[in-house]
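Content type mmCIF, C-alpha atoms, from the file query34.cif:
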data_work
loop_
_atom_site.label_atom_id
_atom_site.label_comp_id
_atom_site.auth_asym_id
_atom_site.auth_seq_id
_atom_site.Cartn_x
_atom_site.Cartn_y
_atom_site.Cartn_z
CA MET A 1166 1.88 -20.89 -0.12
CA THR A 1167 -0.86 -18.92 1.61
CA HIS A 1168 0.17 -16.55 4.40
CA ILE A 1169 -2.15 -14.97 6.93
CA LEU A 1170 -1.57 -11.62 8.63
CA ARG A 1171 -4.07 -10.98 11.43
CA LEU A 1172 -4.30 -7.79 13.43
CA ASP A 1173 -6.32 -8.40 16.59
CA TYR A 1174 -5.79 -5.07 18.30
CA ILE A 1175 -3.81 -1.85 18.06
CA ALA A 1176 -3.82 1.29 20.16
CA HIS A 1177 -1.79 4.44 19.67
CA SER A 1178 -1.91 8.03 20.88
CA PHE A 1179 0.02 11.20 20.12
CA GLY A 1180 0.17 12.93 23.48
CA LYS A 1181 -3.37 12.92 24.85
CA LYS A 1182 -4.93 12.45 21.41
CA SER A 1183 -5.99 8.88 20.74
CA ILE A 1184 -5.49 7.94 17.07
CA LEU A 1185 -6.12 4.19 17.03
CA SER A 1186 -8.06 2.30 19.68
CA LYS A 1187 -9.95 -0.63 18.16
CA VAL A 1188 -8.77 -1.78 14.75
CA ASN A 1189 -8.68 -5.37 13.54
CA PHE A 1190 -8.60 -7.30 10.27
CA THR A 1191 -7.28 -10.44 8.62
CA CYS A 1192 -5.29 -10.23 5.39
CA ASN A 1193 -4.51 -13.41 3.49
CA THR A 1194 -2.25 -13.59 0.48
CA GLY A 1195 -4.77 -13.02 -2.31
CA ASP A 1196 -6.60 -10.30 -0.37
CA ILE A 1197 -6.66 -6.61 -1.26
CA ILE A 1198 -7.84 -4.60 1.73
CA ALA A 1199 -8.88 -0.98 1.29
CA ILE A 1200 -8.65 1.31 4.31
CA PHE A 1201 -10.58 4.58 4.09
CA GLY A 1202 -10.64 7.51 6.47
CA ARG A 1203 -10.39 11.26 6.65
CA ASN A 1204 -7.05 13.00 7.18
CA GLY A 1205 -5.88 12.37 10.72
CA SER A 1206 -7.92 9.19 11.13
CA GLY A 1207 -4.78 7.07 11.58
CA LYS A 1208 -4.35 5.37 8.21
CA SER A 1209 -0.63 6.14 7.83
CA THR A 1210 -0.08 5.52 11.55
CA LEU A 1211 -1.57 2.06 11.11
CA LEU A 1212 0.62 1.24 8.10
CA LYS A 1213 3.79 2.48 9.79
CA SER A 1214 2.93 0.40 12.86
CA LEU A 1215 2.47 -2.71 10.75
CA PHE A 1216 5.72 -2.03 8.89
CA GLY A 1217 7.67 -1.48 12.10
CA THR A 1218 8.89 2.10 11.69
CA LEU A 1219 6.46 3.33 14.35
CA LYS A 1220 5.99 1.60 17.67
CA PRO A 1221 2.35 1.79 18.79
CA ASN A 1222 1.33 1.86 22.43
CA LYS A 1223 -0.02 -1.66 22.04
CA ILE A 1224 -0.38 -4.11 19.19
CA GLU A 1225 -1.50 -7.72 18.89
CA LEU A 1226 -0.44 -9.16 15.55
CA ASN A 1227 -0.24 -12.71 14.26
CA LEU A 1228 1.53 -14.10 11.21
CA ASP A 1229 0.50 -17.57 10.06
CA GLY A 1230 -1.00 -18.26 13.49
CA LYS A 1231 2.06 -17.16 15.46
CA LYS A 1232 2.10 -14.05 17.61
CA ILE A 1233 4.63 -11.44 16.53
CA ASP A 1234 6.22 -9.75 19.52
CA HIS A 1235 8.28 -7.28 17.55
CA ILE A 1236 7.83 -6.10 13.99
CA SER A 1237 11.10 -5.47 12.18
CA THR A 1238 11.74 -4.12 8.71
CA LYS A 1239 14.46 -6.79 8.46
CA ASP A 1240 11.96 -9.66 8.57
CA LYS A 1241 11.11 -9.25 4.87
CA THR A 1242 7.48 -10.04 5.56
CA ILE A 1243 5.87 -6.63 5.05
CA ALA A 1244 6.94 -4.08 2.44
CA TYR A 1245 5.76 -0.47 2.55
CA LEU A 1246 5.28 2.24 -0.06
CA PRO A 1247 5.25 5.53 1.93
CA GLN A 1248 3.65 8.75 0.77
CA ASP A 1249 6.97 10.61 0.54
CA PRO A 1250 9.46 9.95 -2.32
CA PHE A 1251 12.52 7.91 -1.34
CA LEU A 1252 14.67 7.71 -4.49
CA PRO A 1253 17.71 9.86 -5.36
CA ASN A 1254 17.17 12.49 -8.06
CA ASP A 1255 20.26 12.08 -10.23
CA VAL A 1256 20.18 8.39 -11.24
CA LYS A 1257 18.87 7.06 -14.54
CA VAL A 1258 15.77 4.93 -13.97
CA ARG A 1259 17.15 1.84 -15.68
CA ASN A 1260 20.24 1.98 -13.43
CA ILE A 1261 18.15 2.05 -10.25
CA ILE A 1262 16.63 -1.36 -10.89
CA PRO A 1263 19.89 -3.39 -10.45
CA MET A 1264 20.60 -1.42 -7.26
CA TYR A 1265 17.48 -2.97 -5.72
CA PHE A 1266 17.34 -6.27 -7.58
CA PRO A 1267 20.56 -8.11 -8.51
CA ASP A 1268 18.48 -11.01 -9.84
CA GLY A 1269 18.19 -10.70 -13.62
CA ASP A 1270 14.74 -12.32 -13.75
CA VAL A 1271 13.28 -9.70 -11.41
CA GLN A 1272 15.01 -6.94 -13.36
CA ASN A 1273 13.42 -8.17 -16.58
CA LYS A 1274 10.04 -8.37 -14.90
CA ILE A 1275 10.29 -4.67 -14.06
CA PHE A 1276 11.78 -3.64 -17.42
CA TYR A 1277 8.83 -5.31 -19.18
CA SER A 1278 6.19 -3.84 -16.86
CA PRO A 1279 3.47 -1.77 -18.57
CA LEU A 1280 4.68 1.73 -19.58
CA PHE A 1281 8.15 1.26 -18.08
CA HIS A 1282 9.74 1.95 -21.46
CA LYS A 1283 8.43 5.52 -21.24
CA ILE A 1284 10.61 6.33 -18.22
CA GLU A 1285 13.56 3.92 -18.25
CA ASN A 1286 16.03 6.33 -19.89
CA GLN A 1287 15.11 9.35 -17.79
CA ARG A 1288 16.74 10.48 -14.58
CA THR A 1289 14.50 10.25 -11.54
CA GLY A 1290 14.71 14.01 -10.98
CA THR A 1291 13.09 14.66 -14.37
CA LEU A 1292 10.11 12.35 -13.82
CA SER A 1293 6.65 13.73 -13.19
CA LEU A 1294 5.20 13.04 -9.75
CA GLY A 1295 3.04 10.31 -11.25
CA GLU A 1296 5.93 8.66 -13.10
CA LEU A 1297 8.07 8.71 -9.96
CA ARG A 1298 5.24 7.21 -7.93
CA TYR A 1299 4.84 4.44 -10.49
CA LEU A 1300 8.56 3.66 -10.40
CA GLU A 1301 8.52 3.46 -6.59
CA PHE A 1302 5.46 1.22 -6.77
CA LEU A 1303 7.28 -1.18 -9.13
CA LEU A 1304 10.26 -1.36 -6.78
CA ILE A 1305 8.16 -2.10 -3.70
CA ILE A 1306 5.77 -4.59 -5.26
CA ASN A 1307 8.61 -6.69 -6.71
CA LEU A 1308 10.24 -7.22 -3.33
CA ASN A 1309 10.02 -10.79 -2.12
CA HIS A 1310 7.59 -9.94 0.70
CA PRO A 1311 4.18 -11.65 1.07
CA PHE A 1312 2.43 -8.48 2.28
CA ILE A 1313 2.51 -5.05 0.64
CA LEU A 1314 1.34 -1.80 2.26
CA LEU A 1315 0.54 1.00 -0.20
CA ASP A 1316 0.01 4.51 1.17
CA GLU A 1317 -1.65 6.72 -1.48
CA PRO A 1318 -0.48 4.74 -4.56
CA PHE A 1319 -2.94 6.56 -6.85
CA SER A 1320 -2.19 10.08 -5.66
CA MET A 1321 -0.87 12.39 -8.41
CA ILE A 1322 -0.94 9.48 -10.87
CA GLU A 1323 -1.93 9.91 -14.51
CA PRO A 1324 -4.85 7.66 -15.65
CA LEU A 1325 -2.59 5.40 -17.74
CA TYR A 1326 -0.36 4.67 -14.75
CA LYS A 1327 -3.39 4.15 -12.50
CA ASP A 1328 -4.62 1.46 -14.86
CA ALA A 1329 -1.16 -0.14 -14.93
CA ILE A 1330 -1.00 -0.19 -11.13
CA LYS A 1331 -4.40 -1.87 -10.88
CA GLU A 1332 -3.39 -4.43 -13.50
CA ILE A 1333 -0.18 -5.28 -11.63
CA ILE A 1334 -1.91 -5.51 -8.24
CA ARG A 1335 -4.43 -7.96 -9.66
CA GLU A 1336 -1.62 -10.01 -11.21
CA TYR A 1337 0.53 -10.10 -8.06
CA LYS A 1338 -2.26 -10.81 -5.58
CA LYS A 1339 -1.97 -14.54 -6.26
CA ASP A 1340 1.23 -14.47 -4.17
CA LYS A 1341 0.76 -11.36 -2.02
CA GLY A 1342 -1.70 -9.65 0.28
CA PHE A 1343 -2.28 -5.90 -0.08
CA ILE A 1344 -3.39 -3.20 2.33
CA ILE A 1345 -4.09 0.08 0.52
CA THR A 1346 -5.05 3.56 1.69
CA ASP A 1347 -5.91 6.31 -0.76
CA HIS A 1348 -8.28 9.26 -1.06
CA TYR A 1349 -8.92 8.20 -4.65
CA TYR A 1350 -11.52 5.87 -3.22
CA LEU A 1351 -13.04 4.70 -6.52
CA ASP A 1352 -9.66 3.41 -7.71
CA VAL A 1353 -9.15 1.49 -4.48
CA MET A 1354 -12.68 0.10 -4.39
CA GLU A 1355 -12.21 -1.16 -7.94
CA VAL A 1356 -9.47 -3.59 -6.90
CA ALA A 1357 -10.27 -4.35 -3.22
CA ASN A 1358 -12.16 -7.42 -2.04
CA LYS A 1359 -12.24 -6.22 1.60
CA LYS A 1360 -12.92 -2.67 2.72
CA MET A 1361 -12.91 -0.84 6.04
CA ILE A 1362 -13.03 2.71 7.34
CA LEU A 1363 -11.22 4.26 10.29
CA LYS A 1364 -13.31 6.67 12.31
CA GLU A 1365 -12.54 7.89 15.84
CA GLY A 1366 -9.87 5.20 16.17
CA ILE A 1367 -12.21 2.33 15.32
CA SER A 1368 -12.39 0.20 12.17
CA ASN A 1369 -15.74 -0.60 10.57
CA GLU A 1370 -16.50 -2.80 7.58
CA VAL A 1371 -17.39 -1.11 4.30
CA LEU A 1372 -19.50 -2.84 1.68
CA ASP A 1373 -20.24 0.00 -0.74
CA LEU A 1374 -20.32 3.77 -1.19
CA LYS A 1375 -23.37 3.99 1.07
CA ASP A 1376 -21.23 2.92 4.03
CA LEU A 1377 -18.67 5.62 3.23
CA ILE A 1378 -21.47 8.20 3.17
CA GLU A 1379 -22.99 6.99 6.44
CA ASN A 1380 -19.59 7.20 8.12
CA GLY A 1381 -19.15 10.81 6.99
CA TYR A 1382 -16.32 10.07 4.56
CA LEU A 1383 -18.32 11.09 1.47
CA PRO A 1384 -21.09 13.67 1.04
CA SER A 1385 -24.53 12.28 0.28
CA ALA A 1386 -24.25 13.60 -3.30
CA GLU A 1387 -21.87 10.68 -4.02
CA LYS A 1388 -24.67 8.20 -3.42
CA LYS A 1389 -25.55 6.21 -6.53
#
As structure tokens, what does this structure read like?
Amino acid sequence: MTHILRLDYIAHSFGKKSILSKVNFTCNTGDIIAIFGRNGSGKSTLLKSLFGTLKPNKIELNLDGKKIDHISTKDKTIAYLPQDPFLPNDVKVRNIIPMYFPDGDVQNKIFYSPLFHKIENQRTGTLSLGELRYLEFLLIINLNHPFILLDEPFSMIEPLYKDAIKEIIREYKKDKGFIITDHYYLDVMEVANKKMILKEGISNEVLDLKDLIENGYLPSAEKK
């Protein structure tokens, strides 16, 4: 079943500083939307607003053609991978999976994910930052939510795990829609079919690296 998440408008300020003022997009299941922007441009604020952990000043959001008056984390529509780690340090990785997923089929799906065998017998506190990020990614993406928000999924990730994340996103997009922010812009552009940049609170479409340069996100030396 195809689901459609449409953001018509969002506005948010911190004190007198306007962060978001004119941002809109449509994300269907099957879409991978990349959101670029410099630090402080409102990327994480946007994701938290969509997820429901931050209440913006104003938001107009539709799900499958119906207006959503209040976004709740209990709705199981939107899942969110935050930048900060959220797992306990003293639990063996393979024991964490049943804590999140009692269903044996989902457990097996994670256990047989690429490179999972390299970390399954370690405790979370002994994982590298990249390994921990990959584990958190696997937990979030296997939730039964049609839309997945990923905040910096490629940050501090070793190349092998980056490739695994891209492979899994491509596999899962047949049932899910993704919204991704990351400063590792080449990794995001590789998987995204829609791209936008936040600048001065406004979203603008991005087609290629040239648009990122023209919006001041990349220096002109990046131009191909």
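The closest residue to A:Asp1316, picked from A:Asn1380, A:Gln1248, A:Asn1358, A:Thr1291 and counting all atoms listed in the file, is A:Gln1248.
The gap separating atom CA of A:Phe1319 from atom CA of A:Gly1381 is 21.7 Å, in Å to one decimal.
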Shell of 8 Å around stretch 1293-1303 of chain A, all atoms listed in the file, local chain residues under 6 positions omitted, as a PDB file with C-alpha atoms, keeping the file's coordinate frame:
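Output (out.pdb):
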ATOM      1  CA  LEU A1246       5.280   2.240  -0.060  1.00  0.00           C
ATOM      2  CA  PRO A1250       9.460   9.950  -2.320  1.00  0.00           C
ATOM      3  CA  PHE A1251      12.520   7.910  -1.340  1.00  0.00           C
ATOM      4  CA  LEU A1252      14.670   7.710  -4.490  1.00  0.00           C
ATOM      5  CA  ILE A1275      10.290  -4.670 -14.060  1.00  0.00           C
ATOM      6  CA  ILE A1284      10.610   6.330 -18.220  1.00  0.00           C
ATOM      7  CA  PRO A1318      -0.480   4.740  -4.560  1.00  0.00           C
ATOM      8  CA  SER A1320      -2.190  10.080  -5.660  1.00  0.00           C
ATOM      9  CA  MET A1321      -0.870  12.390  -8.410  1.00  0.00           C
ATOM     10  CA  ILE A1322      -0.940   9.480 -10.870  1.00  0.00           C
ATOM     11  CA  GLU A1323      -1.930   9.910 -14.510  1.00  0.00           C
ATOM     12  CA  TYR A1326      -0.360   4.670 -14.750  1.00  0.00           C
ATOM     13  CA  ILE A1330      -1.000  -0.190 -11.130  1.00  0.00           C
TER      14      ILE A1330
END
Mind checking which residues fall within 9 Å of A:Ala1329, counting all atoms listed in the file, ignoring those fewer than 5 positions away in the same chain, and posting them as a tab-separated table (two decimals) with C-alpha atoms, in the frame of the given file?
chain	number	residue	atom	x	y	z
A	1278	SER	CA	6.19	-3.84	-16.86
A	1279	PRO	CA	3.47	-1.77	-18.57
A	1280	LEU	CA	4.68	1.73	-19.58
A	1299	TYR	CA	4.84	4.44	-10.49
A	1324	PRO	CA	-4.85	7.66	-15.65
A	1334	ILE	CA	-1.91	-5.51	-8.24
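In this structure, atom CA of A:Asn1222 sits 26.4 Å away from atom CA of A:Ile1197.
Among the candidates A:Val1356, A:Leu1383, A:Leu1185, A:Ile1345, the residue lying nearest to A:Glu1332 is A:Val1356 (atoms considered: all atoms listed in the file).
One distance worth recording is that between atom CA of A:Leu1372 and atom CA of A:Val1353, which is 12.8 Å.
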